[in-house]
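Heads up, my_file.pdb below (PDB, C-alpha atoms):
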ATOM      1  CA  MET Y  25    -183.280  17.467 -59.101  1.00  0.00           C
ATOM      2  CA  VAL Y  26    -183.004  19.610 -55.997  1.00  0.00           C
ATOM      3  CA  PHE Y  27    -180.104  19.025 -53.613  1.00  0.00           C
ATOM      4  CA  VAL Y  28    -178.952  20.456 -50.291  1.00  0.00           C
ATOM      5  CA  LYS Y  29    -175.478  21.798 -49.474  1.00  0.00           C
ATOM      6  CA  THR Y  30    -174.613  22.934 -45.943  1.00  0.00           C
ATOM      7  CA  PHE Y  31    -171.861  25.385 -45.024  1.00  0.00           C
ATOM      8  CA  LYS Y  32    -170.637  26.009 -41.476  1.00  0.00           C
ATOM      9  CA  GLY Y  33    -168.938  29.076 -40.022  1.00  0.00           C
ATOM     10  CA  TYR Y  34    -168.929  31.273 -36.951  1.00  0.00           C
ATOM     11  CA  GLU Y  35    -171.382  34.050 -36.137  1.00  0.00           C
ATOM     12  CA  ASP Y  36    -168.560  36.557 -35.749  1.00  0.00           C
ATOM     13  CA  LYS Y  37    -167.161  35.741 -39.224  1.00  0.00           C
ATOM     14  CA  THR Y  38    -170.199  36.058 -41.455  1.00  0.00           C
ATOM     15  CA  MET Y  39    -168.249  37.734 -44.271  1.00  0.00           C
ATOM     16  CA  ASP Y  40    -165.948  34.705 -44.520  1.00  0.00           C
ATOM     17  CA  LEU Y  41    -168.900  32.330 -44.747  1.00  0.00           C
ATOM     18  CA  ASP Y  42    -170.665  34.555 -47.288  1.00  0.00           C
ATOM     19  CA  ALA Y  43    -167.523  34.557 -49.438  1.00  0.00           C
ATOM     20  CA  THR Y  44    -167.252  30.759 -49.256  1.00  0.00           C
ATOM     21  CA  VAL Y  45    -170.893  30.237 -50.258  1.00  0.00           C
ATOM     22  CA  ASN Y  46    -170.714  32.795 -53.069  1.00  0.00           C
ATOM     23  CA  ALA Y  47    -167.504  31.236 -54.426  1.00  0.00           C
ATOM     24  CA  TRP Y  48    -169.110  27.768 -54.401  1.00  0.00           C
ATOM     25  CA  ILE Y  49    -172.180  29.069 -56.260  1.00  0.00           C
ATOM     26  CA  GLN Y  50    -170.031  30.789 -58.898  1.00  0.00           C
ATOM     27  CA  LYS Y  51    -167.657  27.833 -59.282  1.00  0.00           C
ATOM     28  CA  ASN Y  52    -170.468  25.340 -59.816  1.00  0.00           C
ATOM     29  CA  LYS Y  53    -172.794  27.701 -61.722  1.00  0.00           C
ATOM     30  CA  VAL Y  54    -175.802  26.345 -59.856  1.00  0.00           C
ATOM     31  CA  VAL Y  55    -179.343  27.671 -59.798  1.00  0.00           C
ATOM     32  CA  VAL Y  56    -180.054  28.418 -56.146  1.00  0.00           C
ATOM     33  CA  GLY Y  57    -183.618  27.812 -55.048  1.00  0.00           C
ATOM     34  CA  ASP Y  58    -183.240  29.081 -51.494  1.00  0.00           C
ATOM     35  CA  ILE Y  59    -180.748  29.703 -48.703  1.00  0.00           C
ATOM     36  CA  LYS Y  60    -181.696  29.156 -45.068  1.00  0.00           C
ATOM     37  CA  THR Y  61    -179.596  30.139 -42.066  1.00  0.00           C
ATOM     38  CA  VAL Y  62    -179.527  29.013 -38.482  1.00  0.00           C
ATOM     39  CA  LEU Y  63    -177.418  30.155 -35.551  1.00  0.00           C
ATOM     40  CA  SER Y  64    -176.611  27.872 -32.651  1.00  0.00           C
ATOM     41  CA  HIS Y  65    -174.928  28.562 -29.344  1.00  0.00           C
ATOM     42  CA  GLU Y  66    -173.301  26.044 -27.086  1.00  0.00           C
ATOM     43  CA  PRO Y  67    -173.276  27.356 -23.517  1.00  0.00           C
ATOM     44  CA  GLY Y  68    -169.674  27.393 -22.325  1.00  0.00           C
ATOM     45  CA  GLY Y  69    -168.404  26.434 -25.787  1.00  0.00           C
ATOM     46  CA  ARG Y  70    -164.685  26.850 -26.426  1.00  0.00           C
ATOM     47  CA  ALA Y  71    -165.155  28.918 -29.596  1.00  0.00           C
ATOM     48  CA  GLY Y  72    -166.657  31.864 -27.738  1.00  0.00           C
ATOM     49  CA  SER Y  73    -169.181  32.377 -30.514  1.00  0.00           C
ATOM     50  CA  GLY Y  74    -172.007  30.406 -32.046  1.00  0.00           C
ATOM     51  CA  ASP Y  75    -171.980  28.288 -35.164  1.00  0.00           C
ATOM     52  CA  LEU Y  76    -173.631  29.738 -38.230  1.00  0.00           C
ATOM     53  CA  LEU Y  77    -175.033  27.279 -40.770  1.00  0.00           C
ATOM     54  CA  TYR Y  78    -176.135  28.102 -44.307  1.00  0.00           C
ATOM     55  CA  THR Y  79    -178.248  25.507 -46.064  1.00  0.00           C
ATOM     56  CA  VAL Y  80    -178.370  26.030 -49.810  1.00  0.00           C
ATOM     57  CA  LEU Y  81    -181.054  24.371 -51.931  1.00  0.00           C
ATOM     58  CA  TYR Y  82    -179.878  24.099 -55.527  1.00  0.00           C
ATOM     59  CA  LYS Y  83    -180.880  22.498 -58.801  1.00  0.00           C
ATOM     60  CA  ALA Y  84    -178.434  20.190 -60.564  1.00  0.00           C
ATOM     61  CA  ASP Y  85    -178.186  16.835 -62.295  1.00  0.00           C
ATOM     62  CA  ALA Y  86    -176.202  15.347 -59.411  1.00  0.00           C
ATOM     63  CA  PRO Y  87    -174.947  16.431 -55.982  1.00  0.00           C
ATOM     64  CA  LEU Y  88    -171.977  18.801 -56.102  1.00  0.00           C
ATOM     65  CA  ASP Y  89    -168.962  19.007 -53.778  1.00  0.00           C
TER      66      ASP Y  89
END

Whole structure, structure tokens version:
Amino acid sequence: MVFVKTFKGYEDKTMDLDATVNAWIQKNKVVVGDIKTVLSHEPGGRAGSGDLLYTVLYKADAPLD
């Protein structure tokens, strides 16, 4: 089956988010079908930067943590 896993980080820390996603892929040995990204900004948000979301589509027998 194909499942979705979403990762959240900040736009000014893309290397941290990349490392997290890559570690998850290696740990679970999944076959990745696609990775989509989206960047969102909240005007006046306290973080001072936007949220960066990675959505990973992967094949597995069951959803993975």

**Request:** Please indicate the distance in Å from CA of Tyr78 in chain Y to CA of Asp58 in chain Y, rounded to one decimal place.
**Result:**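 About the pair CA of Tyr78 in chain Y and CA of Asp58 in chain Y: they are 10.2 Å apart.
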
**Item:** Result set of the PyMOL selection byres ((chain Y and resi 80) around 8) on the coordinates above, as an MDAnalysis selection string
**Value:** chainID Y and resid 28:30 56:60 78:79 81:82

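Residues within 7 Å of range 33-41 of chain Y, counting only C-alpha atoms and excluding same-chain residues fewer than 4 positions away, are Val45, Ser73, Gly74, Asp75, Leu76 and Leu77 of chain Y.
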
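Picture a line from CA of Lys83 in chain Y to CA of Leu63 in chain Y; it runs 24.7 Å.
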
**Asked** Pick the closest to Phe31 in chain Y from Y:His65, Y:Val55, Y:Asp85, Y:Ile49: which is it, counting only C-alpha atoms?
**Response** Y:Ile49
